[in-house]
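Student: My questions will all concern the structure given below.
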Amino acid sequence: MSDTNSTTANAVIDCRDIAVEYRLSDYRYSGFKDYVMRKLEGKGKTRTFRALDGVDVRLERGESLALIGHNGCGKSTLLKVIAGLITPKSGSVRTVGRIAPMIELGAGFDFELSGRENIELSCMLMGLSRAEVRQVIPGVIEFADLAHFIDSPLKNYSSGMIARLGFACATAIDPDILLVDEVLSVGDANFARKCLMRIESLRRHGTSVILVSHDMGAVQRFCSRAIVIEEGKVRYHGDVGAAIRVNESLMLRRIQKSGIVHEATHPEFTVRPVLIQDAVQCEHSLDVSRNFSIELDIIVESRELIRDGLSFGVGFFSQGQLVAGFNNADLGTPDPAERVRECGKLKIRFDVDGGLPNLWAGTLQIVVSVQDDHASRPLTFLEVASVQVTNSRLGHNVHGYLMSVAGADIKFELKPGP
Amino acid sequence: MEAVGIKSEAGAKVDEAGLKGVDSLGRRARDVVAGRVKYLDLVAMLVRRELKVKYRGSVLGYVWSMFNPLLFMIIISVVFSFLMRGIENYNLYVLSGILFWNMVTLSLNMGAGAIVRNGPLMMKVRVPVWIFPVVPAGVAVTNFVLSLVPYMVVYAFSGRPVPDQLWLAPFLFALTLIFLAGLSIAFSVANVFFRDVTHVLEPLLMLTFYATPVIYDRKSSQVPEFARELLGWNPFTHFIEAFRAAMFGGAYHVSLAEMGLLVAMAGASMSAGLWIYKANVKKLIFHV
C-alpha cells in the first residue's frame with residue numbers, strides 16, 4: 001500500500017462533533033390508543049437526554065485508544081456510534097474498513113445450534129459471506145480451543161466456552177477496527193490474558209482498537225491514548241496516565257456532588273450510621289480480620305409512606321467504584337418494611353463476625369443505603385466512614401480488582417429504637 | 001441499509017506476508033465477496049435456523065409439523081364436504097388452501113414482532129434491520145415448499161391429472177415471498193412504535209381467513225354475487241386462486257392479467273414496506 005504522508009489519509013476513524021440524544025418519555029406509550037390519548041391530552045412531549053455532546057474521535061491505523069469514564073457517561077453510546085449502530089443527531093462519522101463490535105461476547109448466538117453453526121451465524125451477522133465464513137471456521141475453532149465440542153449444541157457449553165467462542169468469532173473476521181466494550185471482564189484471568197494478547201497481535205498487524213474498560217491496569221498496559229468522557233463530553237484526550245488521573249479526580253468530585261460524602265437522605269428517614277469495632281466508633285482505620293459492626297439509628301417521619309420491599313445495605317467503595325457489599329435481603333432476612341412501620345424509631349445492626357478478610361487493604365469508603373424496590377434510586381445513601389483497611393490477608397488493593405464478602409458471617413438485627 | 005456517512009474501503013490494510021492462521025485466511029476471505037449479496041447468505045442462514053427450531057432438527061420433527069395441516073384438512077373436509085358439493089377432491093382443495101394460509105399467518109404473525117424481538121441484537125451487531133422481518137417470510141415460504149411433499153402424496157392418491165399451470169409455481173412462490181416480506185417489513189416497523197400491532201394482527205388474520213377462499217370457492221353458486229365482488233378486493237384471494245391454478249388445476253386457471261395483478265401487488269407491498277422502513281430506520285434503535 002502506498003503510504004501517504006497526510007495523517008488524515010491514515011485515519012480509520014474520524015468522528016467529528018458527534019451529538020446523540022435519547023428521548024426520555026415521562027410516559028412511554030406502548031400502543032396506538034395510548035399514543036392518541038397522550039396527543040389529545042397534550043402530554044406527549046418528551047424530555048431529551050444528551051448522551052454525547054460535541055465529541056471528536058480520531059484514530060489511526062494500528063492505534064489503540066481507551067475510553068474511560070463513570071458508568072453512563074456515554075462511552076458505550078460512543079462505541080455504538082462508531083460501530084454504526086446508532087446514527088447521531090448531528091456530526092459526521094467516517095470509518096474505514098471492517099468493524100468488529102465486541103459489545104457483548106457471542107452476541108446473536110443461538111443456544112439450540114451447534115458451535116460450528118454459531119460461528120457461521122455470528123460471522124454472517126458481522127457481514128461475512130458464506131464463502132468467507134467457511135474459510136475462517138478452522139481458525140476460530142483453533143483459537144477457541146473447542147475442537148471436541150464444536151458440533152454439539154451451545155446449550156451444553158459452559159459460560160467460559162461461550163465467551164471463548166464469541167471472542168474468537170469477533171476477532172476472526174480480521175477487522176480493521178475492533179471495538180471492545182468491557183467484555184474482557186468475563187472469564188478467567190487466563191482467558192483475559194489470551195484475549196489481550198490476541199488483540200495486541202491484531203493491533204500490531206494494523207487493526208485499530210478502542211477499549212472501554214474500568215480495568216485501569218489493562219488500559220495502561222494496552223492503550224497509547226485515552227479519552228475521558230463525563231456526562232457526554234470529552235474532558236481529557238491524550239496520555240493514558242494523565243487520563244487516569246483526570247478520571248479519578250472527576251470521580252471524586254462526582255462522589256462529593258452526588259452526596260455519598262454529604263448526606264443525601266429521603267425526608268422520611270433520618271439515619272445516623274456508625275461503624276463500631278471493639279465497642280468503639282472507628283473513623284479512620286478498620287482491622288478487617290476481626291469482628292466489626294455497623295449500626296444505624298433510624299427515625300421514620302411518616303410511617304405510612306413505607307412500602308414493602310424495603311432493604312438496608314452496606315457498600316464498600318474504592319475510588320468511587322462499588323467493590324463489595326451486602327444487604328439484609330442477601331442475608332435472607334424477611335422484608336423489614338412491616339417492622340419499620342411498627343417501630344418508627346429503630347436501631348439496625350449488621351454484625352460482621354470474623355471480619356471480612358477478603359477485602360483488599362487500602363482506603364475504603366463505607367456507605368449505607370436504604371432502598372425501596374419501587375424506587376429507582378436509594379431512598380438514603382450516606383457515608384458511615386472513610387477508613388484505612390488494615391490487616392487484610394489479601395494485602396494492598398490492586399486497583400480494578402473486585403473485593404468479596406464471600407464466606408463472611410454477617411447478621412442483621414432490627415429492634416425498636418430508644 | 002447504510003448508516004449515514006459510514007464508508008467502507010475493503011482492503012485498506014497492508015497485506016503483510018508471514019501472517020498465519022485466521023489473519024491471512026480472513027484477509028483473503030474478505031476479498032472473495034464484496035457487496036450486499038452477502039446479506040442474502042445471512043437471511044438464508046437465519047431461515048435455516050428457524051426451520052431447524054421448528055422441525056427440532058430432525059426428519060421426525062418435520063413429519064410431526066406436517067400433521068397439523070393434514071389433520072386440519074381431514075376435519076374441514078369432513079365437516080364441510082356436504083356444503084361444498086360443487087368442488088371435486090374437496091380434501092385436496094382444502095389442503096392447498098390451508099398450506100397457503102399457514103404461510104400467510106406464519107410469516108405475518110412472526111414478522112410483525114421481528115424487529116422488536118431482535119432489538120437486543122440490534123444494540124450489539126450492525127446488521128441491516130430489514131433482514132429480521134424478511135426472515136419470517138422466507139421461513140413461511142420455505143415451509144410451504146416443504147409441505148408440498150405430503151400434498152403431493154395426497155394428490156397422487158386423488159387420481160387428478162397434473163395441473164396445466166404447474167410451471168407457474170416458482171413465480172408464484174417468488175411473488176408471494178415479495179408480497180409477504182413487504183407486509184412483514186411494514187408491520188414490524190409499525191410494531192416498534194405501536195406495540196399493539198402484533199395483538200391486532202392476530203384476530204385480523206383470523207377474520208381474513210374467512211374473507212379468503214381458503215375452504216370455499218369464490219365462484220361457487222353458494223357465494224352471493226356481492227360477496228364475490230367483495231372478495232376480489234382481498235389481495236390474498238388473488239394469490240390463493242393463482243396457487244390453486246398451479247397446484248390444483250382442473251377448472252382453476254390464472255390469466256395473464258391476473259398474474260400482472262399479482263406482480264403489481266407484490267411490487268406495491270414491497271415498495272410500501274421499504275418506504276416505511278426508510279422513513280423510520282434511524283429511529284428504530286431508540287425505540288426497540
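The chains in the C-alpha cells are called A, B, ... from first to last as shown; in each chain the residues are counted from 1, and the ligands are counted from 1 in the order shown.
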Using backbone DSSP assignments, extract all helix (DSSP H, G or I) residues from region 39-197 of chain B; output them as a PyMOL selection string.

Tutor: chain B and resi 39-54+59-80+90-112+114-117+119-122+131-146+148-158+166-193+197

Student: Mind checking which residues fall within 9 Å of Asp151 (chain A), counting only C-alpha atoms, ignoring those fewer than 3 positions away in the same chain, and posting them as an MDAnalysis selection string?

Tutor: chainID A and resid 113:117 147:148 154

Student: Can you write just those residues out, N, CA and C atoms, as a compact mmCIF listing (two decimals), in the first residue's frame?

Tutor:
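Once written, again33.txt looks like this:
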# COMPACT_ATOMS: atom_id res chain seq x y z
N LEU A 113 -28.30 -24.14 18.38
CA LEU A 113 -27.41 -24.51 17.28
C LEU A 113 -26.07 -24.99 17.82
N SER A 114 -25.34 -25.70 16.98
CA SER A 114 -24.03 -26.20 17.39
C SER A 114 -23.01 -25.06 17.37
N GLY A 115 -21.85 -25.34 17.94
CA GLY A 115 -20.79 -24.34 17.96
C GLY A 115 -20.44 -23.88 16.55
N ARG A 116 -20.34 -24.85 15.66
CA ARG A 116 -19.96 -24.54 14.27
C ARG A 116 -21.00 -23.64 13.62
N GLU A 117 -22.28 -23.99 13.79
CA GLU A 117 -23.34 -23.17 13.20
C GLU A 117 -23.35 -21.77 13.80
N ALA A 147 -12.28 -27.88 19.70
CA ALA A 147 -12.36 -28.89 18.64
C ALA A 147 -13.30 -30.05 18.98
N HIS A 148 -13.30 -30.47 20.26
CA HIS A 148 -14.10 -31.65 20.61
C HIS A 148 -15.58 -31.35 20.73
N LEU A 154 -24.84 -25.36 21.64
CA LEU A 154 -24.26 -24.38 22.53
C LEU A 154 -24.81 -24.47 23.94

Student: Determine which residues of region 60-254 of chain A DSSP labels as strand (DSSP E) from the backbone of this structure, then write them out as number ranges by chain.

Tutor: A: 60, 64-68, 90-95, 99-102, 177-181, 208-212, 225-230, 233-238

Student: Can you tell me which residues surround region 247-264 of chain B at a distance of at most 7 Å, considering only C-alpha atoms, apart from same-chain residues fewer than 6 positions away, and format the answer as an mmCIF file with C-alpha atoms, in the first residue's frame?

Tutor:
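Output file around.cif follows:
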data_model
loop_
_atom_site.group_PDB
_atom_site.id
_atom_site.type_symbol
_atom_site.label_atom_id
_atom_site.label_comp_id
_atom_site.auth_asym_id
_atom_site.auth_seq_id
_atom_site.Cartn_x
_atom_site.Cartn_y
_atom_site.Cartn_z
ATOM 1 C CA TYR B 93 -58.745 -28.280 -2.357
ATOM 2 C CA PRO B 163 -52.259 -29.179 -13.287
ATOM 3 C CA ASP B 164 -51.594 -27.450 -16.622
ATOM 4 C CA GLN B 165 -50.205 -24.367 -14.962
ATOM 5 C CA LEU B 166 -47.862 -26.139 -12.563
ATOM 6 C CA LEU B 175 -44.187 -13.160 -5.834
ATOM 7 C CA PHE B 239 -52.787 -15.133 -4.574
#

Student: Dump as JSON lines the rows for residues of chain A within 7 Å of chain B: closest atom pair and distance in Å with one decimal, only C-alpha atoms counted, ordered by chain and rising residue number.

Tutor:
{"residue": "A:Met1", "atom": "CA", "partner": "B:Val14", "partner_atom": "CA", "distance": 5.8}
{"residue": "A:Tyr22", "atom": "CA", "partner": "B:Phe286", "partner_atom": "CA", "distance": 6.9}
{"residue": "A:Ser30", "atom": "CA", "partner": "B:Arg195", "partner_atom": "CA", "distance": 5.4}
{"residue": "A:Gly31", "atom": "CA", "partner": "B:Phe194", "partner_atom": "CA", "distance": 4.4}
{"residue": "A:Phe32", "atom": "CA", "partner": "B:Phe194", "partner_atom": "CA", "distance": 5.4}
{"residue": "A:Ala83", "atom": "CA", "partner": "B:Arg126", "partner_atom": "CA", "distance": 6.9}
{"residue": "A:Gly84", "atom": "CA", "partner": "B:Ala3", "partner_atom": "CA", "distance": 5.9}
{"residue": "A:Leu85", "atom": "CA", "partner": "B:Arg126", "partner_atom": "CA", "distance": 5.5}
{"residue": "A:Ile86", "atom": "CA", "partner": "B:Ile285", "partner_atom": "CA", "distance": 6.8}
{"residue": "A:Thr87", "atom": "CA", "partner": "B:Lys282", "partner_atom": "CA", "distance": 6.3}
{"residue": "A:Ser92", "atom": "CA", "partner": "B:Gly5", "partner_atom": "CA", "distance": 6.5}
{"residue": "A:Val93", "atom": "CA", "partner": "B:Gly5", "partner_atom": "CA", "distance": 5.7}
{"residue": "A:Arg94", "atom": "CA", "partner": "B:Ile6", "partner_atom": "CA", "distance": 5.1}
{"residue": "A:Thr95", "atom": "CA", "partner": "B:Ile6", "partner_atom": "CA", "distance": 5.8}
{"residue": "A:Val96", "atom": "CA", "partner": "B:Ser8", "partner_atom": "CA", "distance": 5.0}
{"residue": "A:Gly97", "atom": "CA", "partner": "B:Glu9", "partner_atom": "CA", "distance": 5.0}
{"residue": "A:Pro101", "atom": "CA", "partner": "B:Val125", "partner_atom": "CA", "distance": 6.6}
{"residue": "A:Ile103", "atom": "CA", "partner": "B:Lys124", "partner_atom": "CA", "distance": 5.6}
{"residue": "A:Glu104", "atom": "CA", "partner": "B:Lys124", "partner_atom": "CA", "distance": 6.7}
{"residue": "A:Ala107", "atom": "CA", "partner": "B:Lys124", "partner_atom": "CA", "distance": 6.5}
{"residue": "A:Gly108", "atom": "CA", "partner": "B:Leu121", "partner_atom": "CA", "distance": 6.1}
{"residue": "A:Leu121", "atom": "CA", "partner": "B:Met45", "partner_atom": "CA", "distance": 6.9}
{"residue": "A:Met124", "atom": "CA", "partner": "B:Leu42", "partner_atom": "CA", "distance": 5.5}
{"residue": "A:Leu125", "atom": "CA", "partner": "B:Val127", "partner_atom": "CA", "distance": 6.2}
{"residue": "A:Met126", "atom": "CA", "partner": "B:Val125", "partner_atom": "CA", "distance": 6.7}
{"residue": "A:Gly127", "atom": "CA", "partner": "B:Lys38", "partner_atom": "CA", "distance": 6.9}
{"residue": "A:Leu128", "atom": "CA", "partner": "B:Lys38", "partner_atom": "CA", "distance": 6.5}
{"residue": "A:Ser129", "atom": "CA", "partner": "B:Lys38", "partner_atom": "CA", "distance": 4.6}
{"residue": "A:Arg130", "atom": "CA", "partner": "B:Asp41", "partner_atom": "CA", "distance": 6.0}
{"residue": "A:Glu132", "atom": "CA", "partner": "B:Ala29", "partner_atom": "CA", "distance": 4.7}
{"residue": "A:Gln135", "atom": "CA", "partner": "B:Leu25", "partner_atom": "CA", "distance": 6.3}
{"residue": "A:Val136", "atom": "CA", "partner": "B:Gly26", "partner_atom": "CA", "distance": 6.0}
{"residue": "A:Gly139", "atom": "CA", "partner": "B:Val22", "partner_atom": "CA", "distance": 4.8}
{"residue": "A:Ala172", "atom": "CA", "partner": "B:Val22", "partner_atom": "CA", "distance": 5.9}
{"residue": "A:Ile173", "atom": "CA", "partner": "B:Gly26", "partner_atom": "CA", "distance": 5.7}
{"residue": "A:Asp174", "atom": "CA", "partner": "B:Gly26", "partner_atom": "CA", "distance": 5.4}
{"residue": "A:Gly206", "atom": "CA", "partner": "B:Lys13", "partner_atom": "CA", "distance": 6.6}

Student: Got time to write the residues from that selection, N, CA and C atoms, as a compact mmCIF listing (two decimals), in the first residue's frame?

Tutor:
# COMPACT_ATOMS: atom_id res chain seq x y z
N MET A 1 0.85 -1.20 0.00
CA MET A 1 0.00 0.00 0.00
C MET A 1 0.88 1.24 0.00
N TYR A 22 -31.07 10.87 23.52
CA TYR A 22 -32.07 9.84 23.78
C TYR A 22 -33.33 10.54 24.24
N SER A 30 -47.13 2.73 24.60
CA SER A 30 -46.77 1.44 24.04
C SER A 30 -47.73 1.05 22.93
N GLY A 31 -48.88 1.64 22.92
CA GLY A 31 -49.84 1.23 21.93
C GLY A 31 -50.46 2.43 21.24
N PHE A 32 -51.26 2.14 20.24
CA PHE A 32 -51.84 3.20 19.45
C PHE A 32 -52.81 4.05 20.28
N ALA A 83 -19.60 2.08 15.76
CA ALA A 83 -19.96 0.79 15.15
C ALA A 83 -21.06 0.94 14.12
N GLY A 84 -21.69 2.13 14.07
CA GLY A 84 -22.76 2.33 13.10
C GLY A 84 -24.10 1.81 13.57
N LEU A 85 -24.21 1.53 14.86
CA LEU A 85 -25.49 1.02 15.37
C LEU A 85 -26.44 2.17 15.62
N ILE A 86 -25.89 3.29 16.05
CA ILE A 86 -26.69 4.46 16.34
C ILE A 86 -26.30 5.57 15.37
N THR A 87 -27.28 6.20 14.77
CA THR A 87 -26.99 7.35 13.91
C THR A 87 -27.07 8.59 14.77
N SER A 92 -20.42 14.10 12.07
CA SER A 92 -20.12 13.17 10.99
C SER A 92 -19.31 11.99 11.51
N VAL A 93 -19.62 10.83 10.99
CA VAL A 93 -18.91 9.61 11.36
C VAL A 93 -18.29 9.06 10.09
N ARG A 94 -17.00 8.86 10.12
CA ARG A 94 -16.37 8.25 8.96
C ARG A 94 -15.50 7.12 9.47
N THR A 95 -15.72 5.92 8.97
CA THR A 95 -14.86 4.81 9.34
C THR A 95 -14.40 4.12 8.08
N VAL A 96 -13.26 3.51 8.18
CA VAL A 96 -12.70 2.81 7.02
C VAL A 96 -12.54 1.35 7.36
N GLY A 97 -13.05 0.50 6.52
CA GLY A 97 -12.81 -0.93 6.69
C GLY A 97 -13.85 -1.61 7.54
N PRO A 101 -17.61 -5.06 16.29
CA PRO A 101 -18.03 -4.51 17.57
C PRO A 101 -18.13 -5.63 18.60
N ILE A 103 -19.37 -5.73 21.68
CA ILE A 103 -20.13 -5.07 22.73
C ILE A 103 -20.62 -6.12 23.71
N GLU A 104 -20.80 -7.31 23.20
CA GLU A 104 -21.08 -8.44 24.07
C GLU A 104 -20.47 -9.65 23.40
N ALA A 107 -22.69 -12.15 20.80
CA ALA A 107 -23.98 -11.53 20.51
C ALA A 107 -24.63 -12.27 19.35
N GLY A 108 -25.88 -12.67 19.53
CA GLY A 108 -26.60 -13.34 18.47
C GLY A 108 -26.44 -14.85 18.48
N LEU A 121 -23.25 -18.18 12.05
CA LEU A 121 -24.25 -17.16 12.34
C LEU A 121 -23.59 -15.86 12.78
N MET A 124 -21.62 -14.17 9.99
CA MET A 124 -22.51 -13.60 8.98
C MET A 124 -23.19 -12.34 9.52
N LEU A 125 -23.51 -12.35 10.81
CA LEU A 125 -24.10 -11.15 11.40
C LEU A 125 -23.12 -9.99 11.32
N MET A 126 -21.83 -10.32 11.32
CA MET A 126 -20.84 -9.25 11.22
C MET A 126 -20.52 -8.94 9.77
N GLY A 127 -21.25 -9.57 8.85
CA GLY A 127 -21.14 -9.16 7.46
C GLY A 127 -20.31 -10.05 6.56
N LEU A 128 -19.94 -11.25 7.04
CA LEU A 128 -19.20 -12.14 6.17
C LEU A 128 -20.15 -12.94 5.28
N SER A 129 -19.69 -13.30 4.11
CA SER A 129 -20.50 -14.16 3.25
C SER A 129 -20.22 -15.61 3.63
N ARG A 130 -21.02 -16.50 3.07
CA ARG A 130 -20.89 -17.92 3.35
C ARG A 130 -19.50 -18.44 3.01
N GLU A 132 -16.73 -16.76 2.79
CA GLU A 132 -15.73 -16.21 3.71
C GLU A 132 -15.78 -16.95 5.05
N GLN A 135 -13.96 -20.16 5.30
CA GLN A 135 -12.50 -20.07 5.41
C GLN A 135 -12.03 -19.73 6.82
N VAL A 136 -12.85 -19.01 7.58
CA VAL A 136 -12.37 -18.61 8.91
C VAL A 136 -12.67 -19.65 9.98
N GLY A 139 -9.79 -21.56 11.91
CA GLY A 139 -9.04 -20.67 12.79
C GLY A 139 -9.80 -20.36 14.07
N ALA A 172 -11.99 -13.14 14.41
CA ALA A 172 -11.67 -13.93 13.22
C ALA A 172 -11.99 -13.20 11.93
N ILE A 173 -12.92 -12.25 11.99
CA ILE A 173 -13.30 -11.60 10.74
C ILE A 173 -12.23 -10.61 10.30
N ASP A 174 -11.11 -10.61 11.02
CA ASP A 174 -9.98 -9.79 10.64
C ASP A 174 -10.39 -8.34 10.47
N GLY A 206 -2.06 -4.01 12.27
CA GLY A 206 -2.75 -2.89 11.63
C GLY A 206 -4.17 -2.64 12.07

Student: Please identify all polymer residues within 9 Å of Gly86 (chain B), counting only C-alpha atoms, omitting same-chain residues fewer than 3 positions from it, and present them as a list in words.

Tutor: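 Here the qualifying residues turn out to be Leu83, Tyr90, Asp217, Ser220 and Ser221 of chain B.
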
Student: How many Å separate CA of Ile82 (chain A) from CA of Gly111 (chain B)?

Tutor: 29.0 Å

Student: Just give me the gap between CA of Ser318 (chain A) and CA of Met216 (chain A) in Å, one decimal is fine.

Tutor: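 That distance, rounded to one decimal, is 13.3 Å.
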
Student: When you look at Gly241 (chain A) with a cut-off of 10 Å (counting only C-alpha atoms), what residues show up, excluding the ones that are within fewer than 2 positions of it in the same chain? I need them as number ranges by chain.

Tutor: A: 216, 219-220, 224-226, 238-239, 243-247

Student: Compile the contact shell of region 201-206 of chain B as a VMD selection string: residues with an atom at most 9 Å away, counting only C-alpha atoms, same-chain residues fewer than 4 positions apart removed.

Tutor: chain B and resid 104 to 105 108 to 109 112 187 196 to 197 210
